[in-house]
$ cat target.cif   # mmCIF, C-alpha atoms
data_model
#
loop_
_atom_site.label_atom_id
_atom_site.label_comp_id
_atom_site.auth_asym_id
_atom_site.auth_seq_id
_atom_site.Cartn_x
_atom_site.Cartn_y
_atom_site.Cartn_z
CA MET A 1 -22.07 29.08 -41.37
CA VAL A 2 -22.37 27.20 -38.05
CA LEU A 3 -21.76 23.49 -38.05
CA SER A 4 -23.95 21.50 -35.76
CA ARG A 5 -22.38 18.85 -33.59
CA ASP A 6 -24.09 15.55 -33.33
CA PRO A 7 -24.22 14.09 -29.84
CA PRO A 8 -21.59 11.45 -29.19
CA LEU A 9 -22.59 7.98 -30.25
CA MET A 10 -21.29 6.48 -27.03
CA THR A 11 -21.17 7.83 -23.54
CA PRO A 12 -17.65 7.95 -22.11
CA PRO A 13 -16.80 4.95 -19.93
CA ALA A 14 -17.17 5.37 -16.19
CA ALA A 15 -13.96 5.78 -14.23
CA VAL A 16 -12.56 2.38 -13.39
CA ALA A 17 -11.22 1.70 -9.92
CA LEU A 18 -7.71 0.42 -10.52
CA CYS A 19 -6.97 0.47 -6.81
CA GLU A 20 -9.38 0.18 -3.90
CA VAL A 21 -8.63 0.77 -0.24
CA SER A 22 -11.04 -0.58 2.34
CA ARG A 23 -10.90 -0.95 6.09
CA LEU A 24 -11.47 -4.49 7.30
CA ALA A 25 -13.29 -5.32 10.54
CA ASN A 26 -9.93 -6.08 12.22
CA GLY A 27 -8.69 -2.53 11.50
CA ILE A 28 -6.38 -3.45 8.63
CA TYR A 29 -6.49 -1.25 5.55
CA GLN A 30 -6.68 -3.58 2.56
CA VAL A 31 -5.25 -2.21 -0.68
CA SER A 32 -6.37 -4.13 -3.76
CA PHE A 33 -4.79 -3.30 -7.10
CA HIS A 34 -6.91 -4.16 -10.15
CA GLY A 35 -4.26 -3.04 -12.58
CA SER A 36 -0.52 -2.60 -12.70
CA THR A 37 -0.29 0.78 -14.37
CA PRO A 38 0.86 4.23 -13.25
CA ALA A 39 -2.84 5.20 -13.08
CA ALA A 40 -3.44 2.43 -10.52
CA ILE A 41 -0.51 3.69 -8.45
CA ASP A 42 -1.82 7.25 -8.67
CA GLN A 43 -5.18 6.08 -7.31
CA TYR A 44 -3.41 4.32 -4.44
CA LEU A 45 -1.26 7.34 -3.60
CA THR A 46 -4.32 9.61 -3.57
CA GLN A 47 -6.06 7.27 -1.14
CA LEU A 48 -2.91 6.88 0.97
CA GLU A 49 -2.64 10.66 1.30
CA ALA A 50 -6.25 10.76 2.51
CA LEU A 51 -5.49 8.05 5.08
CA PHE A 52 -2.46 9.93 6.37
CA ARG A 53 -4.43 13.15 6.52
CA ASP A 54 -7.64 11.78 8.08
CA ASN A 55 -6.72 8.58 9.90
CA PRO A 56 -7.43 7.74 13.53
CA TYR A 57 -4.06 5.98 13.99
CA HIS A 58 -1.85 8.82 15.13
CA ASP A 59 -1.16 7.04 18.43
CA SER A 60 -0.89 3.50 17.08
CA ILE A 61 0.34 1.62 14.05
CA MET A 62 -1.66 1.78 10.80
CA PRO A 63 -1.68 -1.74 9.31
CA LEU A 64 -1.68 -1.91 5.49
CA LEU A 65 -2.28 -5.09 3.49
CA ILE A 66 -1.28 -4.48 -0.14
CA GLU A 67 -2.39 -7.07 -2.66
CA VAL A 68 -0.49 -6.85 -5.94
CA PRO A 69 -2.19 -8.02 -9.16
CA ASP A 70 -1.80 -11.64 -10.27
CA ASN A 71 0.88 -10.70 -12.78
CA GLY A 72 2.92 -9.73 -9.72
CA SER A 73 4.31 -6.48 -10.97
CA LEU A 74 3.80 -2.78 -10.49
CA PRO A 75 6.05 -0.15 -12.07
CA VAL A 76 8.57 -0.16 -9.21
CA SER A 77 10.34 3.08 -10.11
CA TYR A 78 7.06 4.99 -10.50
CA PHE A 79 5.73 3.48 -7.28
CA SER A 80 8.91 4.42 -5.36
CA GLN A 81 8.85 8.00 -6.63
CA GLY A 82 5.21 8.37 -5.63
CA ILE A 83 5.77 6.93 -2.16
CA ARG A 84 8.72 9.29 -1.60
CA ARG A 85 6.51 12.23 -2.62
CA VAL A 86 3.79 11.20 -0.14
CA ILE A 87 6.36 10.66 2.63
CA ASP A 88 7.74 14.16 1.99
CA LEU A 89 4.22 15.63 2.10
CA TYR A 90 3.40 13.88 5.39
CA PRO A 91 6.53 13.79 7.56
CA ASN A 92 4.35 13.40 10.67
CA ARG A 93 2.35 10.52 9.26
CA PRO A 94 1.40 7.72 11.62
CA PRO A 95 3.66 4.68 11.87
CA THR A 96 2.68 1.97 9.42
CA ARG A 97 3.16 -1.77 9.18
CA THR A 98 2.84 -3.02 5.61
CA ALA A 99 2.39 -6.55 4.32
CA VAL A 100 2.69 -6.90 0.55
CA VAL A 101 1.04 -10.00 -0.88
CA THR A 102 2.53 -10.70 -4.28
CA LYS A 103 3.74 -13.42 -6.59
CA TYR A 104 6.94 -14.56 -4.96
CA ASN A 105 10.21 -14.69 -6.89
CA ALA A 106 13.94 -14.54 -6.20
CA LEU A 107 13.96 -10.73 -6.05
CA ILE A 108 11.19 -10.69 -3.43
CA SER A 109 13.05 -13.33 -1.43
CA ILE A 110 16.21 -11.20 -1.46
CA ALA A 111 14.21 -8.11 -0.46
CA ASN A 112 12.68 -9.96 2.50
CA THR A 113 16.09 -11.20 3.60
CA PHE A 114 17.48 -7.68 3.44
CA ILE A 115 14.49 -6.29 5.37
CA ARG A 116 14.93 -8.91 8.09
CA LEU A 117 18.66 -8.14 8.34
CA LEU A 118 17.74 -4.50 8.95
CA ARG A 119 15.71 -5.62 11.98
CA TYR A 120 12.33 -4.57 10.61
CA ASP A 121 10.90 -4.88 14.12
CA ARG A 122 12.86 -1.78 15.14
CA VAL A 123 11.81 0.30 12.16
CA GLU A 124 8.94 2.78 12.40
CA HIS A 125 7.42 1.65 9.11
CA PRO A 126 8.22 -2.08 8.71
CA SER A 127 7.27 -3.93 5.54
CA LEU A 128 7.42 -7.58 4.54
CA PHE A 129 6.49 -9.51 1.40
CA PHE A 130 4.27 -12.60 1.45
CA LYS A 131 3.17 -15.15 -1.13
CA PRO A 132 -0.52 -15.18 -2.11
CA THR A 133 -0.86 -18.47 -0.20
CA GLU A 134 0.46 -16.68 2.94
CA ARG A 135 -2.27 -14.02 3.10
CA ASP A 136 -3.45 -15.24 6.52
CA LEU A 137 0.16 -15.15 7.76
CA ALA A 138 0.44 -11.57 6.47
CA ILE A 139 -2.70 -10.58 8.38
CA ALA A 140 -1.39 -12.23 11.55
CA TRP A 141 1.92 -10.37 11.16
CA LEU A 142 0.07 -7.08 10.72
CA LEU A 143 -1.93 -7.62 13.90
CA GLN A 144 0.79 -9.11 16.12
CA ASN A 145 2.26 -7.06 18.93
CA GLN A 146 0.79 -3.78 17.76
CA SER A 147 1.10 -2.21 21.18
CA ALA A 148 4.52 -3.78 21.80
CA ALA A 149 5.76 -2.60 18.41
CA GLN A 150 4.52 0.89 19.16
CA ASN A 151 6.34 0.94 22.50
CA SER A 152 9.63 -0.11 20.89
CA LEU A 153 9.72 2.86 18.53
#

$ encode --input "target.cif" --output "structure tokens"
Amino acid sequence: MVLSRDPPLMTPPAAVALCEVSRLANGIYQVSFHGSTPAAIDQYLTQLEALFRDNPYHDSIMPLLIEVPDNGSLPVSYFSQGIRRVIDLYPNRPPTRTAVVTKYNALISIANTFIRLLRYDRVEHPSLFFKPTERDLAIAWLLQNQSAAQNSL
């Protein structure tokens, strides 16, 4: 005897964009997280790989503006492991300059101090953290001295 299957009562939900990457008119790649889950990080890493593979920035710095969700947290260990994997896959990736806009706390303040002590301006892939109220400052930092920064590498 063959059992008939009724069609599903609901259609499966459409895939939700937990992370979107868009290129702004000023050339900055804006990364907007809409969730703070491993799935959101996976979406970001997939898009980052595509940028490294297909980007026009091989001779200049690729500016990235990462906006962390309002709760201010992403799974740091999972994020770090994923970034290391992408870095290993693309050793000849273009130089990047990354501004992370996130809820500011003592840990972020310590990280920024440490980054500045390492002379982030002499690093091929500098990153800094900014408060949500400092988004314009983050954009200015991403765009400042792009050619000078490239020449100092």

$ residues_around --input "target.cif" --residues "stretch 125-136 of chain A" --least-positions-apart "5" --cutoff "6 Å" --atoms "all atoms listed in the file" --output "JSON list (two decimals) with C-alpha atoms, keeping the file's coordinate frame"
[["chain", "number", "residue", "atom", "x", "y", "z"],
["A", 95, "PRO", "CA", 3.66, 4.68, 11.87],
["A", 96, "THR", "CA", 2.68, 1.97, 9.42],
["A", 97, "ARG", "CA", 3.16, -1.77, 9.18],
["A", 98, "THR", "CA", 2.84, -3.02, 5.61],
["A", 99, "ALA", "CA", 2.39, -6.55, 4.32],
["A", 100, "VAL", "CA", 2.69, -6.90, 0.55],
["A", 101, "VAL", "CA", 1.04, -10.00, -0.88],
["A", 102, "THR", "CA", 2.53, -10.70, -4.28],
["A", 103, "LYS", "CA", 3.74, -13.42, -6.59],
["A", 104, "TYR", "CA", 6.94, -14.56, -4.96],
["A", 120, "TYR", "CA", 12.33, -4.57, 10.61]]

$ atom_distance --input "target.cif" --atom1 "atom CA of A:Ala25" --atom2 "atom CA of A:Pro38"
29.3 Å

$ resolve_selection --input "target.cif" --expression "the PyMOL selection byres ((chain A and resi 53) around 12)" --output "VMD selection string"
chain A and resid 46 to 52 54 to 58 86 to 87 89 to 94

$ atom_distance --input "target.cif" --atom1 "atom CA of A:Gln30" --atom2 "atom CA of A:Leu143"
12.9 Å

$ closest_residue --input "target.cif" --among "A:Leu45, A:Ala17, A:Gln144, A:Ile66" --to "A:Gln81" --atoms "only C-alpha atoms"
A:Leu45

$ resolve_selection --input "target.cif" --expression "the PyMOL selection byres ((chain A and resi 78) around 12)" --output "VMD selection string"
chain A and resid 36 to 42 45 73 to 77 79 to 85

$ atom_distance --input "target.cif" --atom1 "atom CA of A:Phe33" --atom2 "atom CA of A:Asp70"
9.4 Å
